[in-house]
Amino acid sequence: MTGTVWYCYAVARPFPPEALGGLRGVRDAEVRVVAHDDLVAVVSPVPADEFDESLLHAKFEDLAWLEAVARQHDAVVERIAQHSATLPFRLATIYFTKRAVDAILKDRARELGEALDRISGRAEWGVKVFTREPVSSTDPPADDIGSAASGTDARPGLSYLRRRRSERDAKESAWEDAAQQGAEIDRVLTEHSEFRRQHRAQSAELSGAVGQNVLNVAYLVPVNATDQFIALAQELQDEAPNCRIELTGPWAPYSFAFDGASFAAEEPDGTEQT
Amino acid sequence: MTGHDRVPDPAARQELWTSGNSGRSPAGKEISLVDLLDRLLAGGVVVTGDVSLSIAGVDLVHISLRALITSVKANRPSPLQS
């Protein structure tokens, strides 16, 4: 065994070789293709000792490593997607040999072809709906100011509790408003897209976003309907003052690369993925 | 749709952003890592075979989020969430 294994970014329909011009993959490696009939796998060599299953957990705890690999993966996928129908692979899918990649293209040609047909000429758009948080103020409410000024507040704990409760109520009500509008936004956007896939709501702590994320959905939209979809999202925002919509895209069809079930789930040996 | 009968809120318009062909984020802003990981860890094709490494079936979303939280907390000494 040499020290090299193969990182697979995507499977695509054949594209002109110029598409790979100057493109570097994970760890700055040269990006290559493995071709079989009307399918190509986009791969690059990576060091076997770095992409070893036993190190996987530790690697994924290393944010700098994770971010670097994720961005390099995405850069390759996006480049290919500009030239051809592209099915992104999951992060850090590694094959021992190029022959193993070739075997995937042969053995899974039908499923890969069907999945490519499903996403060809479409792009993914991400829509997140956030609450509009009431502006929190460090100034105490008016009744507190009054009592503080007079110096006669014998029960400061009570006003503190009252303030906390009112803040909590405002937060809950902001959530309900946004969730309600989010459901309507989702309904309309679903009608105007071909597929929908819900992602888990993002933690504000992670995303740094303002407000709570009540809805996080990806939609698959035909490329020729892009302008309409964006205009629709804008219109929905204009009509929903109690939430904030964030639209991201176009993405390669990451969320629709397979229809909710991995190919592995079809393995006759029953190695199911969940 | 009734959005045509009033002036759109310019603030709201600014917040809803897209980038068309030039990228996927507002001018000058990098794609959110969280958005990217949503897709790369929970999406994408999983084809097993002669793989030396596949994250399918492993709850790496959980793992990576823990890494992210650790990182965020390091940068932000006072957590905003209670």
# chains A, B, ... in the order shown; residues from 1 in each chain; ligands from 1
>>> select_by_dssp(residues="region 67-221 of chain A", states="strand (DSSP E or B)", output="NGL selection string")
:A and (86-89 or 94-95 or 122-131 or 195-198 or 213-221)
>>> write_last_selection(atoms="N, CA and C atoms", output="mmCIF file, in the first residue's frame")
data_model
loop_
_atom_site.group_PDB
_atom_site.id
_atom_site.type_symbol
_atom_site.label_atom_id
_atom_site.label_comp_id
_atom_site.auth_asym_id
_atom_site.auth_seq_id
_atom_site.Cartn_x
_atom_site.Cartn_y
_atom_site.Cartn_z
ATOM 1 N N THR A 86 -23.609 17.917 -11.718
ATOM 2 C CA THR A 86 -22.652 17.459 -10.710
ATOM 3 C C THR A 86 -23.366 16.960 -9.462
ATOM 4 N N LEU A 87 -23.020 15.753 -9.050
ATOM 5 C CA LEU A 87 -23.538 15.187 -7.801
ATOM 6 C C LEU A 87 -22.428 15.270 -6.766
ATOM 7 N N PRO A 88 -22.546 16.174 -5.818
ATOM 8 C CA PRO A 88 -21.489 16.264 -4.808
ATOM 9 C C PRO A 88 -21.470 14.999 -3.949
ATOM 10 N N PHE A 89 -20.286 14.579 -3.540
ATOM 11 C CA PHE A 89 -20.165 13.490 -2.579
ATOM 12 C C PHE A 89 -20.078 14.063 -1.178
ATOM 13 N N ILE A 94 -13.363 8.649 0.880
ATOM 14 C CA ILE A 94 -12.019 8.283 0.434
ATOM 15 C C ILE A 94 -12.013 6.846 -0.076
ATOM 16 N N TYR A 95 -11.426 6.654 -1.247
ATOM 17 C CA TYR A 95 -11.283 5.308 -1.787
ATOM 18 C C TYR A 95 -9.806 4.911 -1.784
ATOM 19 N N ARG A 122 -30.596 22.126 -12.579
ATOM 20 C CA ARG A 122 -31.193 22.684 -11.360
ATOM 21 C C ARG A 122 -30.084 23.131 -10.420
ATOM 22 N N ALA A 123 -30.452 24.008 -9.502
ATOM 23 C CA ALA A 123 -29.513 24.415 -8.463
ATOM 24 C C ALA A 123 -30.232 24.407 -7.127
ATOM 25 N N GLU A 124 -29.442 24.305 -6.080
ATOM 26 C CA GLU A 124 -30.009 24.315 -4.732
ATOM 27 C C GLU A 124 -29.970 25.733 -4.164
ATOM 28 N N TRP A 125 -31.057 26.094 -3.503
ATOM 29 C CA TRP A 125 -31.135 27.379 -2.788
ATOM 30 C C TRP A 125 -31.466 27.104 -1.335
ATOM 31 N N GLY A 126 -30.759 27.782 -0.463
ATOM 32 C CA GLY A 126 -31.003 27.631 0.964
ATOM 33 C C GLY A 126 -31.841 28.791 1.475
ATOM 34 N N VAL A 127 -32.852 28.483 2.253
ATOM 35 C CA VAL A 127 -33.674 29.532 2.858
ATOM 36 C C VAL A 127 -33.733 29.292 4.365
ATOM 37 N N LYS A 128 -33.301 30.299 5.098
ATOM 38 C CA LYS A 128 -33.401 30.226 6.557
ATOM 39 C C LYS A 128 -34.320 31.341 7.034
ATOM 40 N N VAL A 129 -35.174 30.986 7.972
ATOM 41 C CA VAL A 129 -36.085 31.970 8.550
ATOM 42 C C VAL A 129 -35.686 32.180 10.009
ATOM 43 N N PHE A 130 -35.536 33.440 10.378
ATOM 44 C CA PHE A 130 -35.123 33.807 11.732
ATOM 45 C C PHE A 130 -36.199 34.646 12.415
ATOM 46 N N THR A 131 -36.195 34.603 13.719
ATOM 47 C CA THR A 131 -37.068 35.511 14.465
ATOM 48 C C THR A 131 -36.507 36.926 14.357
ATOM 49 N N PHE A 195 -37.869 19.959 -5.454
ATOM 50 C CA PHE A 195 -37.663 19.146 -4.260
ATOM 51 C C PHE A 195 -37.374 20.070 -3.094
ATOM 52 N N ARG A 196 -37.634 19.540 -1.912
ATOM 53 C CA ARG A 196 -37.409 20.301 -0.692
ATOM 54 C C ARG A 196 -36.715 19.376 0.283
ATOM 55 N N ARG A 197 -35.737 19.903 0.994
ATOM 56 C CA ARG A 197 -35.145 19.110 2.063
ATOM 57 C C ARG A 197 -34.876 20.000 3.268
ATOM 58 N N GLN A 198 -35.364 19.561 4.398
ATOM 59 C CA GLN A 198 -35.209 20.369 5.605
ATOM 60 C C GLN A 198 -33.912 19.998 6.314
ATOM 61 N N ASN A 213 -33.053 30.787 14.638
ATOM 62 C CA ASN A 213 -33.356 30.138 13.368
ATOM 63 C C ASN A 213 -34.532 29.176 13.560
ATOM 64 N N VAL A 214 -35.673 29.521 12.975
ATOM 65 C CA VAL A 214 -36.845 28.668 13.150
ATOM 66 C C VAL A 214 -37.007 27.673 12.005
ATOM 67 N N LEU A 215 -36.384 27.963 10.867
ATOM 68 C CA LEU A 215 -36.545 27.078 9.714
ATOM 69 C C LEU A 215 -35.291 27.140 8.848
ATOM 70 N N ASN A 216 -34.862 25.958 8.382
ATOM 71 C CA ASN A 216 -33.647 25.871 7.568
ATOM 72 C C ASN A 216 -33.916 24.825 6.485
ATOM 73 N N VAL A 217 -34.203 25.298 5.280
ATOM 74 C CA VAL A 217 -34.656 24.396 4.227
ATOM 75 C C VAL A 217 -33.857 24.618 2.945
ATOM 76 N N ALA A 218 -33.617 23.536 2.224
ATOM 77 C CA ALA A 218 -32.995 23.636 0.901
ATOM 78 C C ALA A 218 -34.035 23.282 -0.155
ATOM 79 N N TYR A 219 -34.033 24.030 -1.252
ATOM 80 C CA TYR A 219 -34.960 23.785 -2.353
ATOM 81 C C TYR A 219 -34.167 23.555 -3.638
ATOM 82 N N LEU A 220 -34.651 22.635 -4.446
ATOM 83 C CA LEU A 220 -34.038 22.400 -5.753
ATOM 84 C C LEU A 220 -34.858 23.138 -6.802
ATOM 85 N N VAL A 221 -34.199 24.069 -7.498
ATOM 86 C CA VAL A 221 -34.906 24.985 -8.388
ATOM 87 C C VAL A 221 -34.290 24.912 -9.790
#
>>> interface_residues(of="chain A", to="chain B", cutoff="6 Å", atoms="only C-alpha atoms", output="MDAnalysis selection string")
chainID A and resid 53 60:61 63 88:91 93:96 100 235 238:239 245:249 254:255 257:258 262:264 273:274
>>> atom_distance(atom1="CA of Arg108 (chain A)", atom2="CA of Val31 (chain A)")
22.0 Å
>>> select_by_dssp(residues="region 78-125 of chain A", states="helix (DSSP H, G or I)", output="PDB file with C-alpha atoms, in the first residue's frame")
ATOM      1  CA  GLU A  78     -18.571  24.383  -7.440  1.00  0.00           C
ATOM      2  CA  ARG A  79     -16.062  24.524 -10.276  1.00  0.00           C
ATOM      3  CA  ILE A  80     -17.310  21.287 -11.792  1.00  0.00           C
ATOM      4  CA  ALA A  81     -20.927  22.315 -11.285  1.00  0.00           C
ATOM      5  CA  LYS A  98      -8.527   4.620  -8.446  1.00  0.00           C
ATOM      6  CA  ARG A  99      -9.746   1.188  -9.428  1.00  0.00           C
ATOM      7  CA  ALA A 100     -12.222   1.323  -6.551  1.00  0.00           C
ATOM      8  CA  VAL A 101     -13.509   4.631  -7.912  1.00  0.00           C
ATOM      9  CA  ASP A 102     -13.855   3.095 -11.346  1.00  0.00           C
ATOM     10  CA  ALA A 103     -15.764   0.185  -9.831  1.00  0.00           C
ATOM     11  CA  ILE A 104     -18.245   2.610  -8.256  1.00  0.00           C
ATOM     12  CA  LEU A 105     -18.904   4.212 -11.636  1.00  0.00           C
ATOM     13  CA  LYS A 106     -19.495   0.809 -13.205  1.00  0.00           C
ATOM     14  CA  ASP A 107     -21.471  -0.829 -10.418  1.00  0.00           C
ATOM     15  CA  ALA A 109     -23.985   3.618 -13.074  1.00  0.00           C
ATOM     16  CA  ARG A 110     -27.755   3.379 -13.048  1.00  0.00           C
ATOM     17  CA  GLU A 111     -28.325   5.078  -9.688  1.00  0.00           C
ATOM     18  CA  LEU A 112     -25.726   7.741 -10.340  1.00  0.00           C
ATOM     19  CA  GLY A 113     -27.170   8.424 -13.786  1.00  0.00           C
ATOM     20  CA  GLU A 114     -30.692   8.746 -12.414  1.00  0.00           C
ATOM     21  CA  ALA A 115     -29.543  11.068  -9.663  1.00  0.00           C
ATOM     22  CA  LEU A 116     -27.656  13.198 -12.210  1.00  0.00           C
ATOM     23  CA  ASP A 117     -30.733  13.415 -14.409  1.00  0.00           C
ATOM     24  CA  ARG A 118     -32.763  14.539 -11.428  1.00  0.00           C
ATOM     25  CA  ILE A 119     -30.466  17.472 -10.623  1.00  0.00           C
TER      26      ILE A 119
END
>>> closest_residue(among="A:Asp62, A:Glu194, A:Asp28, A:Glu133", to="Glu172 (chain A)", atoms="only C-alpha atoms")
A:Glu133
>>> residues_around(residues="Val69 (chain A)", least_positions_apart="6", cutoff="10 Å", atoms="only C-alpha atoms", output="count of residues only")
7
>>> residues_around(residues="Gln180 (chain A)", least_positions_apart="4", cutoff="12 Å", atoms="only C-alpha atoms", output="ChimeraX atom specification")
/A:129-131,173-176,184-187,214-215,240-243
>>> write_last_selection(atoms="C-alpha atoms", output="CSV table (one decimal), in the first residue's frame")
chain,number,residue,atom,x,y,z
A,129,VAL,CA,-36.1,32.0,8.5
A,130,PHE,CA,-35.1,33.8,11.7
A,131,THR,CA,-37.1,35.5,14.5
A,173,SER,CA,-43.9,35.3,21.0
A,174,ALA,CA,-41.2,36.3,18.5
A,175,TRP,CA,-40.6,32.6,17.9
A,176,GLU,CA,-44.2,31.8,17.4
A,184,GLU,CA,-46.2,29.9,5.0
A,185,ILE,CA,-43.0,30.9,3.4
A,186,ASP,CA,-42.0,27.2,3.2
A,187,ARG,CA,-45.3,26.3,1.7
A,214,VAL,CA,-36.8,28.7,13.2
A,215,LEU,CA,-36.5,27.1,9.7
A,240,ALA,CA,-43.5,38.8,6.6
A,241,PRO,CA,-42.3,41.6,8.8
A,242,ASN,CA,-42.1,39.4,11.9
A,243,CYS,CA,-39.3,37.2,10.5
